[in-house]
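Colleague: First the structure, then my questions, so here it is.
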Amino acid sequence: MSAPVWARRRAAAVQAWREFRTNTGGLLGAAFIALLVVFSLLAPLLIDQDGLNVVTATGSPLEPPSGAYWLGTDESGRSVLLLTLWGARVSLLVGFAATLLSVVVGTLVGVVSAHFGGWISAVLMRITDFFLVLPALVLAAVLMAVLPKSMWTVIMAIGVTSWPTTARLVRAQTLSVESRPYIERSKALGGGHTHIIGKHVLPSVLPLVFANTTLVVGGSIIAESTLAFLGMSGPEISWGSMLDRANQSGAVTAGAWWYLLPPGVAIVLVVLSFTLVGRALETVLNPRLKGDR
Amino acid sequence: MTTSPTEQHAADPDERRSGTSTVRYVAGKVGGALVSLVFVVALGFFLFRMIPGDPLVTMTRERPTGPEQLAHLRERLGLDQPVWQQFLDYVGGLVQGDFGTSYMHRRPVAEMIAERVAPTLLLVGTATVLAVLLGLWLGVRAAWRRGGMFDRTQTGIALALWSMPQFWLGLLLLIATQGVFPSRGMTSVDPPDGFALQALDVGWHLTLPCLTLLLVIYAQYMLVMRSSLLEEMGADYLRTARAKGLRDDLVRRRHAVPNALLPTMTLIFLQFGMVVSGTVTVEAVFSWPGLGLLTYESLRGPDLPVLQGVFVILAGSVIVMNLVADLLYRVVDPRVRAS
């Protein structure tokens, strides 16, 4: 691609960042997410993994917060603080990976159905509507029940059930782009399907997809925790599986608030951060929302 | 479960407002719903055939079973038939209300589902009615003073509730009210005599699950009522009403709100999918003996025939509810019919 195009895109990106910076909520969310991602990557170096092992844990069961265990211990005597910090890894990984799967499938279905139209569009939209209507959690849980339980099947189950909103969004955006005259010009000059989709449609659709993606990550993290709470997760430590164990081990009736609060608060903070970033990006990237608030 | 508030709509507005005739519209929607129902039934069958390994191995895991017994079981469950024959038998059974037999309880699945319907309806019904009332009231107040303190606080609370896993909200309520409300079931172990006291007992058990579900679903009503009222507020007829000298309160109650109510009416049905997902987790937390808890128990088992039956019933009812929403939208809004 020619240099002026890249210069223009760089200028647009700089402009978008300048507008994004003025949104305090979005900025705070982005900072928190960045911090958490860096920490999760470094966690194996920072955390003594013996403390995560049921066998080598040193505390006594359901100990309230103290100097030694700032957030108390779980039913096997492990530090809840350590578990919560470690749980960020799986929750974030599942959130990002499921979102990637969901957004790729959704974008593909949306672009293909809008670009080719006709019976392809009819069939794809019928399938999209079907998945849009189905209660996604129930379908994901059923998938988990029949598949071997691991982190990868969780990612798959969430990705497979959450793509329809992206597909709808991308389809609408593609239709509006393709109705513009410059696409007609490109077709008249002999531009093929790949050329039109790759050079014209995707560059103008992707910014919106990106804003939508951050919202999907939040939803995927909630979905992961809900599935884990229903017992549909791998053996890894995640915020959802912590809450499931807390519930199963009677932490609620024992009044062990220190076991319930940290993983839940972590989920809320992360999801809220992604939602704030998503809303901020939407205002920056969607011209229709500008001046509205 | 991953849609954010306000972006959840079964059909896009352009499609609804298009000038197709009523007959074509209804036929299209009913046809679409029927195709979806067929998908659900097929999915219900083939998903459960994806299980790696022999279902008999799963079933007889903890019981020593001789080869003759295995052969007998295989024949009784129809597992010796070719897959298409099994599928036809399954569809034939569904049509006659036969959902198979539970692995764990050795009872007909249809019977187990039937006895769970009433508690779920009670929970979902109460929560929905309260959520509609609360959501509409808050939505009207937020829209009328748009951008004000009340509006911003309400949007903030809705956002926070949306970022919260539903089951965690339930657990928090349980631990915060420690012992004030019962933590499980629908009735006391030893229910009191007399209808009034029994109703009170159920209501007492209903409080927390209902409150959790209410908090999960009211925000959607609030946001839709808010945006729908905002759309009406610039309308000329409101200026006329004000020019007549009507009090602000009357303008709102008699003129603006009735028109803004239309989209929220269909939302009751559109939201059903979200409500179904909500009941699974809420009933699991509070051991409320409804379809959600049955789903939870059959997931944990896993009791696949029960799970299969519950899946078909829940997904099917969501599809039907969405169809109702689409049709109702056409009936209640004369502007759509006329165009």
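Simple scheme: letters A, B, ... for chains in structure tokens order, numbers from 1 for residues in each chain, numbers from 1 for ligands in the order shown.
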So which residues touch Val312 (chain B) within 7 Å, counting only C-alpha atoms, skipping near sequence neighbours fewer than 2 positions away, as number ranges by chain?
Modeller: B: 40-41, 44, 308-310, 314-316
Colleague: Those same residues, written as a short mmCIF file (atom, residue, chain, number, x, y, z; two decimals), in the first residue's frame with C-alpha atoms?
Modeller:
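Result file is part.cif:
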data_model
loop_
_atom_site.label_atom_id
_atom_site.label_comp_id
_atom_site.auth_asym_id
_atom_site.auth_seq_id
_atom_site.Cartn_x
_atom_site.Cartn_y
_atom_site.Cartn_z
CA VAL B 40 -33.01 -26.92 18.43
CA VAL B 41 -34.40 -30.43 18.22
CA GLY B 44 -30.47 -31.50 21.08
CA GLN B 308 -31.13 -32.90 26.76
CA GLY B 309 -34.78 -32.51 27.72
CA VAL B 310 -34.21 -29.30 29.67
CA LEU B 314 -35.67 -23.95 27.55
CA ALA B 315 -34.38 -23.16 24.04
CA GLY B 316 -37.80 -23.91 22.55
#
Colleague: With only C-alpha atoms considered, list every residue of chain A at most 7 Å from chain B, as a list of chain:residue names.
Modeller: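 Applying the cut-off to the listed atoms yields A:Phe130, A:Val133, A:Leu134, A:Pro135, A:Ala136, A:Leu137, A:Val138, A:Ala145, A:Val146, A:Leu147, A:Ser162, A:Val216, A:Gly219, A:Ser220, A:Ile222, A:Ala223, A:Thr226, A:Leu230, A:Gly231, A:Val252, A:Gly255, A:Gly264, A:Val268, A:Val271, A:Leu272.
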Colleague: What's the 9 Å shell around Leu276 (chain A), counting only C-alpha atoms, without same-chain residues fewer than 6 positions away, as a count of residues only?
Modeller: 8
Colleague: Show which residues sit within 12 Å of Ala43 (chain A), as JSON, numbers by chain. Count only C-alpha atoms, and ignore same-chain residues fewer than 2 positions away.
Modeller: {"A": [35, 36, 37, 38, 39, 40, 41, 45, 46, 47, 48, 49, 82, 83, 84, 85, 86, 87, 88, 89, 90]}
Colleague: At what distance in Å, to one decimal, does CA of Ile158 (chain A) lie from CA of Ala98 (chain A)?
Modeller: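 These atoms are spaced 5.9 Å apart.
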Colleague: Excluding same-chain residues fewer than 6 positions from Leu71 (chain A), what lies within 9 Å of it counting only C-alpha atoms, as a list in words?
Modeller: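 Counting only the stated atoms, we get Glu63, Pro64, Pro65, Ser79, Val80, Leu81, Leu82, Trp258, Tyr259 and Pro262 of chain A.
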Colleague: Atoms to include: N, CA and C atoms. Write the selected residues as an mmCIF file, in the first residue's frame.
Modeller:
data_model
loop_
_atom_site.group_PDB
_atom_site.id
_atom_site.type_symbol
_atom_site.label_atom_id
_atom_site.label_comp_id
_atom_site.auth_asym_id
_atom_site.auth_seq_id
_atom_site.Cartn_x
_atom_site.Cartn_y
_atom_site.Cartn_z
ATOM 1 N N GLU A 63 -9.477 -19.658 57.319
ATOM 2 C CA GLU A 63 -8.941 -18.735 58.314
ATOM 3 C C GLU A 63 -9.320 -17.316 57.925
ATOM 4 N N PRO A 64 -9.837 -16.512 58.835
ATOM 5 C CA PRO A 64 -10.154 -15.124 58.482
ATOM 6 C C PRO A 64 -8.872 -14.326 58.209
ATOM 7 N N PRO A 65 -8.991 -13.159 57.567
ATOM 8 C CA PRO A 65 -7.815 -12.360 57.225
ATOM 9 C C PRO A 65 -6.946 -12.082 58.454
ATOM 10 N N SER A 79 -3.843 -19.403 50.589
ATOM 11 C CA SER A 79 -4.091 -17.970 50.708
ATOM 12 C C SER A 79 -5.048 -17.511 49.609
ATOM 13 N N VAL A 80 -6.154 -16.862 50.009
ATOM 14 C CA VAL A 80 -7.134 -16.381 49.023
ATOM 15 C C VAL A 80 -6.518 -15.288 48.153
ATOM 16 N N LEU A 81 -5.639 -14.467 48.736
ATOM 17 C CA LEU A 81 -4.979 -13.414 47.966
ATOM 18 C C LEU A 81 -4.176 -14.017 46.818
ATOM 19 N N LEU A 82 -3.409 -15.068 47.167
ATOM 20 C CA LEU A 82 -2.575 -15.727 46.168
ATOM 21 C C LEU A 82 -3.433 -16.334 45.060
ATOM 22 N N TRP A 258 -14.386 -13.319 53.226
ATOM 23 C CA TRP A 258 -13.070 -13.086 52.611
ATOM 24 C C TRP A 258 -12.789 -14.047 51.464
ATOM 25 N N TYR A 259 -13.528 -15.157 51.416
ATOM 26 C CA TYR A 259 -13.350 -16.125 50.342
ATOM 27 C C TYR A 259 -14.221 -15.735 49.151
ATOM 28 N N PRO A 262 -13.049 -11.387 47.244
ATOM 29 C CA PRO A 262 -11.943 -11.069 46.313
ATOM 30 C C PRO A 262 -12.158 -11.521 44.870
#
Colleague: Can you work out the spacing between CA of Ile237 (chain A) and CA of Arg78 (chain A) in Å, to one decimal?
Modeller: 12.0 Å
Colleague: Which is closer to Thr155 (chain B) than all the others in B:Pro82, B:Leu250, B:Ala241, B:Ala143, using only C-alpha atoms?
Modeller: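 Distance minimum relative to Thr155 (chain B) lands on B:Ala143.
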Colleague: Can you tell me, as a PDB file with C-alpha atoms, in the first residue's frame, what residues are no more than 10 Å from Val55 (chain A) when counting only C-alpha atoms, ignoring any on the same chain fewer than 5 positions away?
Modeller:
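Wrote it out as out-v5.pdb, contents follow:
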ATOM      1  CA  ASP A  50       3.691 -24.130  46.407  1.00  0.00           C
ATOM      2  CA  SER A  76      -7.768 -26.219  52.008  1.00  0.00           C
ATOM      3  CA  GLY A  77      -5.743 -23.555  53.813  1.00  0.00           C
ATOM      4  CA  ARG A  78      -4.452 -21.743  50.726  1.00  0.00           C
TER       5      ARG A  78
END
Colleague: Between CA of Ser179 (chain A) and CA of Gly28 (chain B), what distance in Å does the model show, to one decimal?
Modeller: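 Atom-to-atom, CA of Ser179 (chain A) and CA of Gly28 (chain B) are spaced 26.0 Å apart.
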Colleague: Please return, as an NGL selection string, all residues of region 4-198 of chain B that DSSP assigns to helix (DSSP H, G or I) on the basis of the backbone.
Modeller: :B and (13-17 or 22-47 or 55-59 or 67-76 or 83-95 or 109-144 or 149-162 or 166-176 or 195-198)
Colleague: Need to verify the contact set: Phe286 (chain B), 10 Å, only C-alpha atoms, exclusion of same-chain residues closer than 2 positions in sequence. Can you return it as a list in words?
Modeller: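 Near Phe286 (chain B), the qualifying residues are Phe167, Gly170, Leu171, Leu174, Pro182, Ser183, Arg184, Gly185, Met186, His205, Leu206, Leu208, Pro209, Thr281, Val282, Glu283, Ala284, Trp288, Pro289 and Leu293 of chain B.
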